[in-house]
file run_10.tsv (TSV, C-alpha atoms)
chain	number	residue	atom	x	y	z
S	1	MET	CA	61.24	-28.11	6.44
S	2	LYS	CA	59.36	-25.49	4.44
S	3	ALA	CA	56.03	-27.15	5.28
S	4	THR	CA	56.87	-27.02	9.00
S	5	LEU	CA	57.77	-23.33	8.84
S	6	ALA	CA	54.60	-22.58	6.87
S	7	THR	CA	52.49	-24.45	9.43
S	8	ILE	CA	54.08	-22.56	12.32
S	9	ALA	CA	53.54	-19.24	10.54
S	10	VAL	CA	49.87	-20.04	9.94
S	11	LEU	CA	49.39	-21.02	13.60
S	12	VAL	CA	51.00	-17.80	14.83
S	13	LEU	CA	48.83	-15.69	12.53
S	14	ALA	CA	45.69	-17.58	13.56
S	15	LEU	CA	46.42	-17.04	17.24
S	16	SER	CA	47.03	-13.33	16.74
S	17	TRP	CA	43.80	-12.93	14.77
S	18	THR	CA	41.85	-14.83	17.42
S	19	SER	CA	43.02	-12.58	20.25
S	20	GLU	CA	42.19	-9.44	18.25
S	21	ALA	CA	38.80	-10.77	17.22
S	22	VAL	CA	37.47	-11.34	20.74
S	23	ARG	CA	34.86	-8.72	21.58
S	24	VAL	CA	33.12	-8.19	24.90
S	25	GLU	CA	29.56	-6.86	24.77
S	26	GLU	CA	28.05	-4.77	27.54
S	27	ASN	CA	24.96	-2.59	27.56
S	28	GLY	CA	24.56	-2.82	23.78
S	29	LEU	CA	28.17	-1.78	23.12
S	30	SER	CA	31.11	-3.91	22.01
S	31	PHE	CA	34.67	-3.58	23.32
S	32	SER	CA	37.93	-5.25	22.34
S	33	LEU	CA	39.45	-7.73	24.76
S	34	GLU	CA	42.56	-5.54	24.86
S	35	ALA	CA	40.52	-2.53	26.04
S	36	VAL	CA	38.77	-4.62	28.70
S	37	MET	CA	42.13	-5.83	29.98
S	38	ARG	CA	43.35	-2.20	30.16
S	39	LEU	CA	40.21	-1.27	32.13
S	40	GLN	CA	40.98	-4.11	34.55
S	41	GLU	CA	44.52	-2.81	35.00
S	42	LEU	CA	43.18	0.66	35.75
S	43	THR	CA	40.71	-0.59	38.36
S	44	GLU	CA	43.39	-2.74	40.01
S	45	SER	CA	45.92	0.09	40.11
S	46	SER	CA	43.36	2.34	41.77
S	47	GLY	CA	42.78	-0.31	44.43
S	48	ALA	CA	39.21	-0.81	43.28
S	49	GLY	CA	39.79	-4.49	42.56
S	50	GLN	CA	40.40	-5.25	46.23
S	51	GLN	CA	37.34	-3.46	47.56
S	52	SER	CA	33.70	-4.40	47.56
S	53	PRO	CA	31.71	-3.32	44.48
S	54	ARG	CA	30.06	-0.53	46.49
S	55	LEU	CA	33.44	1.03	47.27
S	56	ARG	CA	34.89	0.86	43.76
S	57	ALA	CA	36.30	3.97	42.12
S	58	SER	CA	33.55	6.26	40.95
S	59	THR	CA	32.61	6.19	37.30
S	60	GLY	CA	33.46	9.86	36.98
S	61	SER	CA	37.04	9.36	38.10
S	62	LEU	CA	37.51	6.26	35.95
S	63	CYS	CA	35.93	7.87	32.90
S	64	ALA	CA	38.09	10.97	33.40
S	65	ASP	CA	41.28	8.90	33.53
S	66	PRO	CA	43.36	9.73	30.43
S	67	MET	CA	44.61	6.12	30.37
S	68	LEU	CA	41.07	4.76	29.84
S	69	PRO	CA	40.75	3.42	26.27
S	70	GLN	CA	38.73	5.76	24.06
S	71	GLU	CA	36.27	3.05	23.14
S	72	PHE	CA	34.78	3.25	26.67
S	73	LEU	CA	33.78	6.92	26.32
S	74	PRO	CA	30.34	6.15	24.81
S	75	LEU	CA	29.70	3.83	27.76
S	76	CYS	CA	30.76	6.56	30.20
S	77	ARG	CA	27.98	8.79	28.83
S	78	LEU	CA	25.27	6.19	29.48
S	79	ARG	CA	23.16	5.83	32.57
S	80	GLY	CA	24.36	2.86	34.60
S	81	ALA	CA	27.95	3.22	33.38
S	82	SER	CA	29.29	2.40	36.85
S	83	ALA	CA	27.62	-1.02	36.91
S	84	SER	CA	28.72	-1.74	33.34
S	85	LEU	CA	32.33	-0.80	34.05
S	86	SER	CA	32.29	-2.97	37.18
S	87	ARG	CA	31.02	-5.96	35.20
S	88	LEU	CA	33.65	-5.42	32.50
S	89	ALA	CA	36.36	-5.20	35.15
S	90	MET	CA	35.36	-8.67	36.40
S	91	VAL	CA	35.57	-10.44	33.02
S	92	PRO	CA	38.19	-13.25	33.20
S	93	ARG	CA	41.43	-12.37	31.43
S	94	ASP	CA	42.24	-15.80	30.07
S	95	VAL	CA	41.01	-16.06	26.48
S	96	CYS	CA	40.01	-19.67	27.07
S	97	GLU	CA	37.87	-18.66	30.06
S	98	ILE	CA	36.43	-15.60	28.38
S	99	CYS	CA	35.08	-17.69	25.52
S	100	ALA	CA	32.74	-19.29	28.05
S	101	PHE	CA	31.18	-15.90	28.76
S	102	ALA	CA	27.96	-15.14	26.90
S	103	ALA	CA	29.04	-11.50	26.51
S	104	CYS	CA	32.15	-12.49	24.55
S	105	THR	CA	32.20	-13.18	20.82
S	106	GLY	CA	34.83	-14.00	18.24
S	107	CYS	CA	36.47	-16.93	20.02

call {"tool": "encode", "arguments": {"input": "run_10.tsv", "output": "structure tokens"}}
result
Amino acid sequence: MKATLATIAVLVLALSWTSEAVRVEENGLSFSLEAVMRLQELTESSGAGQQSPRLRASTGSLCADPMLPQEFLPLCRLRGASASLSRLAMVPRDVCEICAFAACTGC
């Protein structure tokens, strides 16, 4: 019984560490999977996810959003931030799928 509980506890801890360890790299910067998922939520709530890439929300409005995770601010200051944010917004959410992406590490 104790061995079963210990095994379950180890599995739960391993899964939580795995999800926190996943990093997404873009334009020389690294972002947590959680921050990328929050960015995706912001682009979807603004309706940008349903439009063509040319009609997406402007980088200025997305970068000025107080709900944008702070770790994206260095990216917002770079040239080409709009394209980088668009690519990050298209990263698959499923951790199993994201591990197939070359930009993702820590899987």

call {"tool": "residues_around", "arguments": {"input": "run_10.tsv", "residues": "Leu42 (chain S)", "least_positions_apart": "3", "cutoff": "8 Å", "atoms": "all atoms listed in the file", "output": "VMD selection string"}}
result
chain S and resid 38 to 39 45 to 46 62 67 to 68

call {"tool": "closest_residue", "arguments": {"input": "run_10.tsv", "among": "S:Leu88, S:Leu33, S:Leu73, S:Ala64", "to": "Ala21 (chain S)", "atoms": "only C-alpha atoms"}}
result
S:Leu33

call {"tool": "atom_distance", "arguments": {"input": "run_10.tsv", "atom1": "CA of Phe31 (chain S)", "atom2": "CA of Glu71 (chain S)"}}
result
6.8 Å

call {"tool": "atom_distance", "arguments": {"input": "run_10.tsv", "atom1": "CA of Ser82 (chain S)", "atom2": "CA of Glu34 (chain S)"}}
result
19.6 Å

call {"tool": "axis_aligned_box", "arguments": {"input": "run_10.tsv", "around": "region 19-32 of chain S", "padding_each_side": "3 Å", "output": "AutoDock Vina command-line options"}}
result
--center_x 33.8 --center_y -7.2 --center_z 22.4 --size_x 24.5 --size_y 16.8 --size_z 16.3

call {"tool": "closest_residue", "arguments": {"input": "run_10.tsv", "among": "S:Ala81, S:Val91, S:Ser32, S:Pro74", "to": "Ser61 (chain S)", "atoms": "all atoms listed in the file"}}
result
S:Ala81

call {"tool": "atom_distance", "arguments": {"input": "run_10.tsv", "atom1": "CA of Arg93 (chain S)", "atom2": "CA of Arg79 (chain S)"}}
result
25.8 Å
